[in-house]
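One file, run-v8.txt, is given below (compact mmCIF, C-alpha atoms).
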```txt
# COMPACT_ATOMS: atom_id res chain seq x y z
CA MET Y 10 -11.56 28.29 -8.67
CA ALA Y 11 -14.07 30.73 -7.33
CA ASP Y 12 -15.92 28.09 -5.35
CA VAL Y 13 -12.88 26.87 -3.44
CA LYS Y 14 -13.35 27.33 0.27
CA PRO Y 15 -10.05 27.15 2.12
CA ARG Y 16 -10.05 25.60 5.58
CA ILE Y 17 -8.50 27.87 8.19
CA LYS Y 18 -8.09 27.21 11.88
CA LEU Y 19 -6.62 29.53 14.50
CA ASP Y 20 -5.96 27.97 17.90
CA LYS Y 21 -7.21 31.25 19.42
CA LYS Y 22 -8.53 34.52 18.01
CA ASP Y 23 -7.96 36.67 21.06
CA VAL Y 24 -4.42 37.05 22.47
CA ALA Y 25 -2.58 39.35 24.83
CA GLN Y 26 0.17 41.58 23.42
CA GLY Y 27 3.13 39.29 22.67
CA GLY Y 28 0.91 36.22 22.51
CA VAL Y 29 1.27 33.59 19.82
CA ILE Y 30 -1.45 32.28 17.50
CA GLU Y 31 -1.03 28.98 15.72
CA VAL Y 32 -2.49 29.05 12.21
CA LYS Y 33 -3.41 26.02 10.14
CA THR Y 34 -4.59 26.26 6.54
CA LEU Y 35 -5.68 23.64 4.06
CA VAL Y 36 -6.85 24.38 0.55
CA SER Y 37 -8.23 22.15 -2.19
CA HIS Y 38 -6.12 22.25 -5.35
CA THR Y 39 -4.84 19.58 -7.76
CA MET Y 40 -1.32 21.13 -7.98
CA GLU Y 41 -0.74 19.73 -11.46
CA SER Y 42 3.05 19.52 -11.63
CA GLY Y 43 3.62 19.99 -15.37
CA GLN Y 44 5.65 16.77 -15.40
CA ARG Y 45 2.82 14.40 -16.19
CA LYS Y 46 1.58 13.29 -19.59
CA ASP Y 47 -1.98 12.55 -20.64
CA LYS Y 48 -3.17 9.43 -22.52
CA ASP Y 49 -1.97 10.83 -25.86
CA GLY Y 50 1.51 11.50 -24.51
CA LYS Y 51 1.05 15.24 -24.38
CA THR Y 52 2.37 17.10 -21.38
CA ILE Y 53 -0.34 18.30 -19.02
CA PRO Y 54 0.45 21.99 -18.47
CA ARG Y 55 1.58 23.03 -15.03
CA LYS Y 56 -1.13 24.53 -12.87
CA ILE Y 57 -0.22 25.02 -9.26
CA LEU Y 58 -0.73 27.52 -6.50
CA ASN Y 59 2.65 29.26 -6.72
CA THR Y 60 2.34 31.72 -3.82
CA PHE Y 61 0.78 31.80 -0.40
CA ILE Y 62 0.53 35.08 1.50
CA CYS Y 63 -0.86 35.92 4.93
CA ASP Y 64 -1.52 39.61 5.56
CA LEU Y 65 -2.51 41.39 8.75
CA ASN Y 66 -4.31 44.67 7.92
CA GLY Y 67 -2.66 44.66 4.48
CA LYS Y 68 0.87 44.07 5.78
CA THR Y 69 2.45 40.77 4.78
CA ILE Y 70 3.46 38.80 7.83
CA PHE Y 71 4.00 35.36 6.31
CA SER Y 72 4.49 34.21 2.75
CA ALA Y 73 5.72 31.18 0.87
CA ASP Y 74 6.64 30.29 -2.69
CA LEU Y 75 5.31 26.91 -3.71
CA GLU Y 76 7.01 24.78 -6.33
CA SER Y 77 5.75 21.98 -8.53
CA ALA Y 78 6.82 19.25 -6.10
CA VAL Y 79 4.29 20.36 -3.50
CA SER Y 80 1.50 17.82 -3.15
CA ALA Y 81 -2.17 18.41 -3.94
CA ASN Y 82 -4.27 20.19 -1.31
CA PRO Y 83 -1.34 22.12 0.24
CA TYR Y 84 -1.32 22.47 4.02
CA PHE Y 85 0.43 25.18 6.01
CA GLN Y 86 0.95 25.47 9.71
CA PHE Y 87 2.75 28.45 11.22
CA LYS Y 88 2.83 30.68 14.28
CA LEU Y 89 2.11 34.40 14.45
CA LYS Y 90 2.91 37.00 17.08
CA PRO Y 91 0.44 39.75 16.04
CA GLU Y 92 1.11 43.30 17.24
CA GLU Y 93 -2.35 44.67 16.48
CA SER Y 94 -5.96 43.61 16.17
CA GLY Y 95 -7.43 43.36 12.71
CA THR Y 96 -8.08 41.21 9.69
CA LEU Y 97 -5.90 38.32 8.66
CA THR Y 98 -6.13 37.80 4.91
CA PHE Y 99 -5.01 34.53 3.41
CA THR Y 100 -4.28 34.51 -0.32
CA TRP Y 101 -3.27 31.67 -2.61
CA ILE Y 102 -2.23 32.70 -6.14
CA ASP Y 103 -2.75 30.26 -8.98
CA ASP Y 104 -0.51 29.96 -12.06
CA ASP Y 105 -3.40 31.35 -14.12
CA GLY Y 106 -3.45 34.48 -11.95
CA SER Y 107 -6.67 33.65 -10.13
CA LYS Y 108 -6.74 33.95 -6.38
CA ILE Y 109 -8.29 32.02 -3.54
CA GLN Y 110 -8.90 34.23 -0.54
CA ALA Y 111 -10.20 33.99 2.99
CA THR Y 112 -10.18 36.24 6.02
CA GLU Y 113 -10.23 35.87 9.80
CA GLN Y 114 -10.61 38.50 12.52
CA ILE Y 115 -8.18 38.54 15.43
CA LYS Y 116 -7.99 40.63 18.55
CA VAL Y 117 -4.85 41.68 20.41
CA SER Y 118 -5.50 43.11 23.85
CA MET U 9 33.66 -35.33 1.21
CA PRO U 10 37.36 -36.04 1.35
CA SER U 11 38.13 -33.37 -1.31
CA VAL U 12 37.21 -30.35 0.88
CA PRO U 13 39.94 -29.60 3.43
CA TYR U 14 38.45 -28.98 6.87
CA PRO U 15 39.83 -25.43 7.51
CA LEU U 16 38.36 -24.16 4.22
CA ALA U 17 34.87 -25.39 5.08
CA PHE U 18 35.12 -23.68 8.46
CA ALA U 19 36.10 -20.36 6.83
CA ALA U 20 33.10 -20.51 4.51
CA VAL U 21 30.75 -20.91 7.46
CA ALA U 22 32.33 -17.97 9.27
CA ILE U 23 31.88 -15.65 6.26
CA LEU U 24 28.27 -16.71 5.91
CA ALA U 25 27.60 -15.84 9.54
CA LEU U 26 29.14 -12.39 9.06
CA ALA U 27 27.03 -11.74 6.00
CA VAL U 28 23.80 -12.58 7.77
CA SER U 29 24.16 -10.80 11.10
CA PRO U 30 23.82 -7.15 9.92
CA HIS U 31 20.53 -8.06 8.28
CA ALA U 32 18.89 -9.34 11.42
CA GLN U 33 15.32 -8.05 11.22
CA ASP U 34 14.42 -5.00 13.23
CA THR U 35 10.69 -5.08 13.80
CA SER U 36 10.47 -2.00 16.02
CA GLU U 37 9.19 0.22 13.18
CA ARG U 38 6.32 -2.07 12.23
CA PRO U 39 2.91 -0.68 13.05
CA ALA U 40 1.57 -2.47 16.12
CA TRP U 41 -1.80 -3.50 14.74
CA GLN U 42 -2.50 -6.31 17.15
CA GLU U 43 -4.99 -5.71 19.94
CA HIS U 44 -6.45 -2.67 18.17
CA GLY U 45 -9.32 -4.69 16.77
CA ILE U 46 -12.58 -6.21 17.85
CA LYS U 47 -13.81 -9.73 18.41
CA PRO U 48 -15.41 -11.10 15.24
CA GLN U 49 -19.21 -10.89 15.40
CA SER U 50 -19.72 -14.04 13.37
CA PRO U 51 -18.33 -17.45 14.35
CA ASP U 52 -17.60 -17.94 10.64
CA SER U 53 -15.20 -14.98 10.54
CA PRO U 54 -11.74 -15.97 9.32
CA PHE U 55 -10.08 -13.55 11.75
CA GLY U 56 -9.21 -14.03 15.40
CA GLU U 57 -9.30 -10.27 15.68
CA VAL U 58 -10.91 -7.86 13.19
CA VAL U 59 -8.62 -4.84 12.76
CA SER U 60 -9.19 -1.65 10.79
CA GLY U 61 -6.65 -0.73 8.13
CA LEU U 62 -5.89 2.36 10.21
CA TYR U 63 -3.65 0.38 12.56
CA PHE U 64 -1.60 -1.03 9.71
CA ARG U 65 -0.49 2.47 8.76
CA SER U 66 2.27 4.64 10.21
CA LYS U 67 1.84 6.78 13.31
CA GLU U 68 1.97 9.88 11.10
CA THR U 69 -0.86 8.68 8.86
CA GLN U 70 -2.93 7.74 11.91
CA ALA U 71 -2.37 11.22 13.38
CA MET U 72 -3.44 12.85 10.11
CA GLN U 73 -6.68 10.90 10.12
CA ALA U 74 -7.36 11.61 13.79
CA ASP U 75 -7.30 15.39 13.31
CA ASP U 76 -10.37 16.53 11.42
CA PHE U 77 -8.58 19.66 10.28
CA ASN U 78 -5.44 17.98 8.97
CA ASN U 79 -7.38 15.14 7.36
CA PRO U 80 -7.63 16.20 3.69
CA GLY U 81 -10.61 13.86 3.27
CA PHE U 82 -12.70 16.56 4.89
CA LEU U 83 -12.33 18.68 1.76
CA ALA U 84 -14.63 16.12 0.13
CA VAL U 85 -16.95 16.04 3.14
CA GLU U 86 -17.35 19.81 2.78
CA GLN U 87 -17.90 19.51 -0.97
CA GLY U 88 -20.54 16.85 -0.31
CA GLU U 89 -22.22 19.10 2.23
CA ASP U 90 -22.53 21.87 -0.40
CA LEU U 91 -23.91 19.42 -2.96
CA TRP U 92 -26.45 18.08 -0.45
CA SER U 93 -28.48 21.30 -0.58
CA LYS U 94 -27.67 22.30 -4.15
CA VAL U 95 -30.71 22.12 -6.45
CA ASP U 96 -30.01 20.01 -9.52
CA GLY U 97 -32.15 18.39 -12.22
CA ALA U 98 -35.56 18.94 -13.83
CA ALA U 99 -37.50 18.39 -10.58
CA GLY U 100 -35.89 21.47 -9.05
CA LYS U 101 -34.89 19.56 -5.92
CA SER U 102 -31.79 18.87 -3.92
CA CYS U 103 -31.04 15.96 -1.59
CA ALA U 104 -32.15 18.21 1.28
CA SER U 105 -35.62 18.71 -0.29
CA CYS U 106 -36.57 15.15 0.69
CA HIS U 107 -34.07 14.20 3.39
CA ASN U 108 -33.68 17.55 5.22
CA GLU U 109 -30.66 17.46 7.50
CA ALA U 110 -28.07 14.88 6.53
CA ALA U 111 -26.79 14.77 10.11
CA THR U 112 -30.07 13.22 11.27
CA ALA U 113 -31.51 11.62 8.11
CA MET U 114 -28.29 9.89 7.05
CA LYS U 115 -27.00 8.89 10.49
CA GLY U 116 -26.14 5.23 10.41
CA VAL U 117 -27.55 4.73 6.92
CA ALA U 118 -24.30 4.06 5.09
CA ALA U 119 -23.07 1.58 7.71
CA ALA U 120 -25.69 -0.88 6.41
CA TYR U 121 -24.68 -0.66 2.73
CA PRO U 122 -24.62 -2.49 0.32
CA LYS U 123 -28.29 -3.11 0.92
CA TRP U 124 -30.99 -5.14 -0.81
CA ASN U 125 -33.14 -3.13 -3.21
CA GLY U 126 -36.49 -4.85 -3.72
CA LYS U 127 -37.43 -2.83 -6.78
CA LEU U 128 -34.26 -3.76 -8.66
CA GLY U 129 -34.09 -7.28 -7.24
CA LYS U 130 -30.41 -6.82 -6.38
CA PRO U 131 -28.28 -5.12 -3.77
CA VAL U 132 -27.08 -1.57 -4.36
CA ASN U 133 -24.15 0.22 -2.80
CA LEU U 134 -24.12 3.82 -1.67
CA GLU U 135 -22.90 5.24 -4.99
CA GLN U 136 -25.71 3.44 -6.82
CA ARG U 137 -28.26 4.53 -4.22
CA ILE U 138 -27.23 8.18 -4.70
CA ASN U 139 -27.64 7.87 -8.45
CA ILE U 140 -31.06 6.20 -8.05
CA CYS U 141 -32.13 9.34 -6.17
CA ARG U 142 -30.58 11.57 -8.80
CA SER U 143 -32.26 9.98 -11.80
CA GLY U 144 -35.49 9.35 -9.85
CA ALA U 145 -36.53 12.09 -7.43
CA LEU U 146 -34.20 14.79 -8.76
CA LYS U 147 -34.65 13.97 -12.46
CA ALA U 148 -30.95 14.80 -12.82
CA GLU U 149 -28.13 13.10 -14.70
CA PRO U 150 -26.56 10.34 -12.59
CA TRP U 151 -22.98 11.13 -11.62
CA ALA U 152 -20.29 9.02 -13.28
CA PHE U 153 -18.42 6.57 -11.06
CA GLY U 154 -15.19 8.16 -9.92
CA SER U 155 -16.41 11.71 -10.52
CA PRO U 156 -15.44 14.11 -7.73
CA GLU U 157 -19.16 14.81 -7.11
CA LEU U 158 -20.21 11.18 -6.61
CA THR U 159 -17.18 10.43 -4.44
CA ALA U 160 -17.74 13.59 -2.38
CA MET U 161 -21.42 12.79 -1.81
CA THR U 162 -20.56 9.19 -0.89
CA THR U 163 -17.93 10.46 1.53
CA TYR U 164 -20.32 13.01 3.04
CA ILE U 165 -23.09 10.46 3.60
CA ARG U 166 -20.75 7.82 5.01
CA ASN U 167 -19.23 10.45 7.27
CA GLN U 168 -22.66 10.80 8.94
CA SER U 169 -22.15 7.21 10.19
CA ARG U 170 -18.63 7.78 11.44
CA GLY U 171 -17.93 5.83 14.59
CA MET U 172 -20.95 3.58 14.11
CA PRO U 173 -20.38 -0.13 13.54
CA VAL U 174 -20.51 -1.63 10.05
CA ALA U 175 -23.85 -3.45 10.04
CA VAL U 176 -24.37 -4.96 6.61
CA LYS U 177 -27.05 -7.69 6.30
CA VAL U 178 -26.08 -10.80 4.41
CA ASP U 179 -29.08 -13.07 5.01
CA GLY U 180 -32.31 -13.51 3.05
CA PRO U 181 -32.05 -12.35 -0.57
CA MET U 182 -28.47 -11.20 0.07
CA THR U 183 -27.30 -14.81 0.63
CA PRO U 184 -26.44 -15.58 -3.01
CA TRP U 185 -24.56 -12.26 -3.27
CA PHE U 186 -22.65 -13.04 -0.09
CA ASP U 187 -21.76 -16.49 -1.44
CA ARG U 188 -20.66 -15.05 -4.76
CA GLY U 189 -18.55 -12.43 -3.01
CA LYS U 190 -16.95 -15.12 -0.88
CA ALA U 191 -16.14 -17.22 -3.94
CA LEU U 192 -14.56 -14.18 -5.61
CA TYR U 193 -12.55 -13.42 -2.47
CA TYR U 194 -10.89 -16.83 -2.58
CA GLN U 195 -10.61 -16.92 -6.40
CA ARG U 196 -7.01 -16.67 -7.57
CA ASN U 197 -6.53 -14.07 -10.29
CA GLY U 198 -4.03 -12.78 -12.79
CA GLN U 199 -0.48 -13.63 -13.74
CA LEU U 200 0.58 -13.53 -10.10
CA ASP U 201 -2.17 -16.03 -9.29
CA LEU U 202 -3.23 -14.34 -6.08
CA ALA U 203 -6.62 -14.17 -4.40
CA CYS U 204 -7.76 -11.37 -2.08
CA ALA U 205 -7.28 -13.89 0.72
CA SER U 206 -3.66 -14.59 -0.25
CA CYS U 207 -2.63 -11.18 1.04
CA HIS U 208 -5.37 -9.89 3.30
CA GLU U 209 -6.32 -13.07 5.12
CA LYS U 210 -3.17 -15.20 5.18
CA ASN U 211 -0.50 -12.51 5.25
CA HIS U 212 -1.78 -9.34 6.86
CA GLY U 213 0.73 -7.85 9.24
CA LYS U 214 3.58 -8.77 6.91
CA TYR U 215 5.39 -6.87 4.23
CA LEU U 216 4.68 -7.42 0.54
CA ARG U 217 7.81 -5.73 -0.75
CA ALA U 218 7.47 -2.22 0.78
CA ASP U 219 3.77 -2.48 1.51
CA PHE U 220 2.54 -3.48 4.94
CA LEU U 221 -0.50 -5.65 4.32
CA SER U 222 -3.76 -4.91 6.11
CA GLN U 223 -6.83 -7.11 6.48
CA GLY U 224 -8.37 -5.30 3.51
CA GLN U 225 -11.26 -3.85 5.48
CA SER U 226 -13.68 -1.44 3.83
CA ASN U 227 -14.81 0.58 6.88
CA GLY U 228 -12.83 3.72 5.96
CA PHE U 229 -13.90 4.09 2.32
CA PRO U 230 -13.88 6.32 0.38
CA VAL U 231 -10.35 6.87 1.68
CA TYR U 232 -7.97 9.75 1.09
CA ARG U 233 -4.97 7.99 -0.46
CA LEU U 234 -1.77 9.92 0.05
CA ARG U 235 -0.41 8.27 -3.08
CA ASP U 236 -3.23 9.62 -5.24
CA GLN U 237 -3.74 12.84 -3.25
CA ARG U 238 -7.50 12.45 -3.51
CA LEU U 239 -10.39 10.34 -2.29
CA VAL U 240 -10.57 6.87 -3.72
CA PRO U 241 -13.84 4.90 -3.74
CA LEU U 242 -13.82 1.21 -2.79
CA HIS U 243 -14.36 -0.19 -6.28
CA GLU U 244 -11.43 1.81 -7.63
CA ARG U 245 -9.26 0.38 -4.86
CA MET U 246 -10.37 -3.15 -5.76
CA GLU U 247 -9.56 -2.41 -9.40
CA GLY U 248 -6.09 -1.35 -8.24
CA CYS U 249 -5.56 -4.61 -6.34
CA MET U 250 -6.58 -6.61 -9.40
CA GLN U 251 -4.22 -4.66 -11.63
CA ASP U 252 -1.43 -5.27 -9.11
CA VAL U 253 -1.85 -9.03 -9.45
CA ARG U 254 -1.86 -8.57 -13.27
CA ALA U 255 -5.50 -9.51 -13.68
CA THR U 256 -8.15 -7.83 -15.80
CA PRO U 257 -10.21 -5.96 -13.22
CA TYR U 258 -13.98 -6.14 -13.03
CA LYS U 259 -15.76 -2.90 -13.80
CA PRO U 260 -16.64 -0.49 -10.98
CA LEU U 261 -20.27 -0.97 -9.90
CA SER U 262 -20.34 -4.37 -11.63
CA ASP U 263 -22.19 -7.26 -9.97
CA GLU U 264 -18.83 -8.86 -9.19
CA PHE U 265 -17.55 -5.88 -7.22
CA LEU U 266 -20.95 -5.45 -5.59
CA ALA U 267 -20.87 -9.04 -4.35
CA LEU U 268 -17.28 -8.55 -3.21
CA GLU U 269 -18.17 -5.29 -1.44
CA THR U 270 -20.97 -7.10 0.38
CA TYR U 271 -18.69 -9.93 1.47
CA VAL U 272 -15.81 -7.63 2.48
CA ALA U 273 -18.20 -5.50 4.56
CA TRP U 274 -19.27 -8.69 6.37
CA ARG U 275 -15.62 -9.50 7.14
CA GLY U 276 -15.46 -6.14 8.92
CA LEU U 277 -18.80 -6.37 10.74
CA GLY U 278 -18.72 -4.21 13.85
CA LEU U 279 -15.71 -2.10 12.86
CA PRO U 280 -16.42 1.61 13.22
CA VAL U 281 -17.02 3.53 10.01
CA GLU U 282 -13.99 5.84 9.61
CA THR U 283 -14.89 7.75 6.44
CA PRO U 284 -12.94 9.72 5.40
CA ALA U 285 -9.98 7.54 6.40
CA VAL U 286 -6.40 8.37 5.39
CA ARG U 287 -4.31 5.62 3.85
CA ASN U 288 -1.05 5.50 1.92
```
Could I get this file's structure written as structure tokens?
Amino acid sequence: MADVKPRIKLDKKDVAQGGVIEVKTLVSHTMESGQRKDKDGKTIPRKILNTFICDLNGKTIFSADLESAVSANPYFQFKLKPEESGTLTFTWIDDDGSKIQATEQIKVS
Amino acid sequence: MPSVPYPLAFAAVAILALAVSPHAQDTSERPAWQEHGIKPQSPDSPFGEVVSGLYFRSKETQAMQADDFNNPGFLAVEQGEDLWSKVDGAAGKSCASCHNEAATAMKGVAAAYPKWNGKLGKPVNLEQRINICRSGALKAEPWAFGSPELTAMTTYIRNQSRGMPVAVKVDGPMTPWFDRGKALYYQRNGQLDLACASCHEKNHGKYLRADFLSQGQSNGFPVYRLRDQRLVPLHERMEGCMQDVRATPYKPLSDEFLALETYVAWRGLGLPVETPAVRN
């Protein structure tokens, strides 16, 4: 999973205090549900991204639990009202414990 | 009919009328595909108006395709971009070693495929062309049809022609392939005894059970199918159609599908390349 590059788009990276940033994220993942069977009739083990977290300077400001019904290549869109400048860290946690991570810098003035 | 008393017959008619009226067809939710197309370039075209499959899909699907961020097909475009400059094979080369920037070298290239290959004496499509480069210049293993790598590279290269008109050539040595493709298009197949034309020429713009039939154009391929949650190359889609009519499909990259791809591209001459399109 190390080579997965999430797509992240902020509608602006520089806002006034109290301003709102719209965040869009899209990540490539098969989100294998654990409900499907292979050609031999054996269940394909579940392997999904089960958690999504967005941190600002290490403080969680948005998170979501994903379940097996979520489609492949999960997409999130949400709005933030950041109180300080800093680093937004986006983390997706896989069932196998591996993480996909990306960061973006924002400025609050 | 002296045995049926008149009032009874009247009652039967009244009940029938009641049963029908709530099912009066509401067409307001149908995608408005008309007048989104182009005038056919060839006088032999079977269509009065050539319309991309995009306009046969819902507003939501169209919006997803229109936004390059939301369009999940771009995950494959990005993968293809990485592969473009990744060294692979015994020659120690990547695509970029010969072709440099894809944005300039590949602009408009894919819009003309399938294309005649003099060396092989037959047309090749984009997937085959990529693998000719891989086994030739790169001295690398050709990618298997349907592999994420081959589909991503195909998507990336076709994306360089996005917005440009489909410009496949069907004259000269391509003529027999065009004719064969045309014959296959009108050939009825399978237990349902349907030809490509039965749905996509005679009945586009109508429902086949829950599916709203398009003209079966190929300008958006490989397409991100929401049903499969991944990019689907054209030959896999054709396989799917053949399975749906309970026929034994031809093999991907077979001469049959190649001829069909050539003919179908001609039916969409002039349509803008949309790769990666989003379809359901």
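Proximity to region 238-253 of chain U at 6 Å, evaluated using only C-alpha atoms and with sequence-adjacent residues fewer than 5 positions away removed, yields Gly198, Leu200, Phe229, Pro230, Val231, Tyr232, Arg233 and Pro260 of chain U.
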Could I get the residues of chain U with an atom no further than 9 Å from an atom of chain Y, each paired with its nearest atom pair and that distance in Å to one decimal, using all atoms listed in the file, sorted by chain and residue number, as a Markdown table?
```
| residue | atom | partner | partner_atom | distance |
| --- | --- | --- | --- | --- |
| U:Phe77 | CA | Y:Arg16 | CA | 7.7 |
| U:Asn78 | CA | Y:Leu35 | CA | 7.5 |
| U:Pro80 | CA | Y:Asn82 | CA | 7.2 |
| U:Leu83 | CA | Y:Ser37 | CA | 6.7 |
| U:Glu86 | CA | Y:Lys14 | CA | 8.9 |
| U:Asp236 | CA | Y:Ala81 | CA | 8.9 |
| U:Gln237 | CA | Y:Ala81 | CA | 5.8 |
| U:Arg238 | CA | Y:Ala81 | CA | 8.0 |
```
Original post:
Quick one: residues within 12 Å of region 201-206 of chain U, only C-alpha atoms counted, chain neighbours fewer than 6 positions away excluded, as an MDAnalysis selection string?
Top reply: chainID U and resid 54:55 189:195 212 214 216 221:225 246:255 268 271:272 275
Original post:
Contacts of Ser66 (chain U) at 7 Å or less, counting only C-alpha atoms, minus same-chain residues fewer than 3 places along, as number ranges by chain?
Top reply: U: 39, 69-70
Original post:
CA of Cys63 (chain Y) to CA of Val85 (chain U): how many Å, to one decimal?
Top reply: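 CA of Cys63 (chain Y) sits 25.6 Å away from CA of Val85 (chain U).
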Original post:
Restricting the calculation to only C-alpha atoms, which member of U:Asp179, U:Glu109, U:Glu89, U:Glu209 is positioned closest to Thr162 (chain U)?
Top reply: U:Glu89
Original post:
So how far away is CA of Ala84 (chain U) from CA of Thr112 (chain U), in Å?
Top reply: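 CA of Ala84 (chain U) lies 19.3 Å from CA of Thr112 (chain U).
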Original post:
What does the distance between CA of Gly228 (chain U) and CA of Leu279 (chain U) come to in Å, to one decimal place?
Top reply: 9.5 Å
**OP:** Please provide the set of residues having any atom within 10 Å of Gly106 (chain Y), restricted to all atoms listed in the file, with same-chain residues fewer than 5 positions apart removed, written as a count of residues only.
**Re:** 3
**OP:** Starting from the point (-20.9, -1.8, 6.6), work out which residues of protein, DNA or RNA have an atom no more than 12 Å away when counting all atoms listed in the file; state them as number ranges by chain.
**Re:** U: 116-123, 133-134, 166, 169-178, 225-229, 269-283
Original post:
Which residue, Y:Gln26, Y:Ser42, Y:Thr69, Y:Thr60, has the smallest gap to Asp103 (chain Y) when you use all atoms listed in the file?
Top reply: Y:Thr60
File output, region 115-170 of chain U (C-alpha atoms) as a PDB file, in the first residue's frame:
```pdb
ATOM      1  CA  LYS U 115      -1.601  14.186 -27.888  1.00  0.00           C
ATOM      2  CA  GLY U 116      -4.192  13.013 -30.351  1.00  0.00           C
ATOM      3  CA  VAL U 117      -2.505   9.652 -30.888  1.00  0.00           C
ATOM      4  CA  ALA U 118      -5.126   7.447 -29.275  1.00  0.00           C
ATOM      5  CA  ALA U 119      -8.012   9.158 -31.085  1.00  0.00           C
ATOM      6  CA  ALA U 120      -6.835   7.443 -34.294  1.00  0.00           C
ATOM      7  CA  TYR U 121      -6.722   3.897 -32.857  1.00  0.00           C
ATOM      8  CA  PRO U 122      -7.186   1.075 -33.848  1.00  0.00           C
ATOM      9  CA  LYS U 123      -4.611   1.786 -36.516  1.00  0.00           C
ATOM     10  CA  TRP U 124      -3.044  -0.210 -39.343  1.00  0.00           C
ATOM     11  CA  ASN U 125       0.310  -1.767 -38.461  1.00  0.00           C
ATOM     12  CA  GLY U 126       2.298  -2.455 -41.626  1.00  0.00           C
ATOM     13  CA  LYS U 127       4.804  -4.734 -39.947  1.00  0.00           C
ATOM     14  CA  LEU U 128       2.129  -7.059 -38.571  1.00  0.00           C
ATOM     15  CA  GLY U 129      -0.155  -6.693 -41.588  1.00  0.00           C
ATOM     16  CA  LYS U 130      -3.149  -6.055 -39.331  1.00  0.00           C
ATOM     17  CA  PRO U 131      -4.611  -3.261 -37.251  1.00  0.00           C
ATOM     18  CA  VAL U 132      -3.631  -2.934 -33.607  1.00  0.00           C
ATOM     19  CA  ASN U 133      -5.465  -1.190 -30.812  1.00  0.00           C
ATOM     20  CA  LEU U 134      -3.880   0.901 -28.106  1.00  0.00           C
ATOM     21  CA  GLU U 135      -3.407  -1.978 -25.655  1.00  0.00           C
ATOM     22  CA  GLN U 136      -1.607  -3.995 -28.328  1.00  0.00           C
ATOM     23  CA  ARG U 137       0.479  -0.995 -29.364  1.00  0.00           C
ATOM     24  CA  ILE U 138       1.621  -0.514 -25.745  1.00  0.00           C
ATOM     25  CA  ASN U 139       2.647  -4.155 -25.516  1.00  0.00           C
ATOM     26  CA  ILE U 140       4.517  -3.957 -28.851  1.00  0.00           C
ATOM     27  CA  CYS U 141       6.596  -1.186 -27.266  1.00  0.00           C
ATOM     28  CA  ARG U 142       7.068  -3.209 -24.104  1.00  0.00           C
ATOM     29  CA  SER U 143       8.302  -6.378 -25.767  1.00  0.00           C
ATOM     30  CA  GLY U 144      10.208  -4.424 -28.448  1.00  0.00           C
ATOM     31  CA  ALA U 145      11.936  -1.250 -27.267  1.00  0.00           C
ATOM     32  CA  LEU U 146      11.719  -1.959 -23.533  1.00  0.00           C
ATOM     33  CA  LYS U 147      12.483  -5.692 -23.752  1.00  0.00           C
ATOM     34  CA  ALA U 148       9.951  -6.118 -20.947  1.00  0.00           C
ATOM     35  CA  GLU U 149       7.160  -8.622 -20.392  1.00  0.00           C
ATOM     36  CA  PRO U 150       3.958  -7.517 -22.141  1.00  0.00           C
ATOM     37  CA  TRP U 151       1.199  -6.668 -19.689  1.00  0.00           C
ATOM     38  CA  ALA U 152      -1.745  -9.067 -19.577  1.00  0.00           C
ATOM     39  CA  PHE U 153      -5.050  -7.792 -20.935  1.00  0.00           C
ATOM     40  CA  GLY U 154      -7.158  -6.525 -18.060  1.00  0.00           C
ATOM     41  CA  SER U 155      -4.167  -6.005 -15.761  1.00  0.00           C
ATOM     42  CA  PRO U 156      -4.353  -2.744 -13.804  1.00  0.00           C
ATOM     43  CA  GLU U 157      -1.065  -1.640 -15.430  1.00  0.00           C
ATOM     44  CA  LEU U 158      -2.188  -2.090 -19.037  1.00  0.00           C
ATOM     45  CA  THR U 159      -5.559  -0.478 -18.364  1.00  0.00           C
ATOM     46  CA  ALA U 160      -3.923   2.416 -16.504  1.00  0.00           C
ATOM     47  CA  MET U 161      -1.433   3.045 -19.316  1.00  0.00           C
ATOM     48  CA  THR U 162      -4.212   2.851 -21.924  1.00  0.00           C
ATOM     49  CA  THR U 163      -6.269   5.300 -19.875  1.00  0.00           C
ATOM     50  CA  TYR U 164      -3.311   7.656 -19.434  1.00  0.00           C
ATOM     51  CA  ILE U 165      -2.470   7.712 -23.144  1.00  0.00           C
ATOM     52  CA  ARG U 166      -6.088   8.123 -24.235  1.00  0.00           C
ATOM     53  CA  ASN U 167      -6.485  10.889 -21.686  1.00  0.00           C
ATOM     54  CA  GLN U 168      -3.847  12.876 -23.639  1.00  0.00           C
ATOM     55  CA  SER U 169      -6.404  13.029 -26.487  1.00  0.00           C
ATOM     56  CA  ARG U 170      -9.301  14.078 -24.292  1.00  0.00           C
TER      57      ARG U 170
END
```
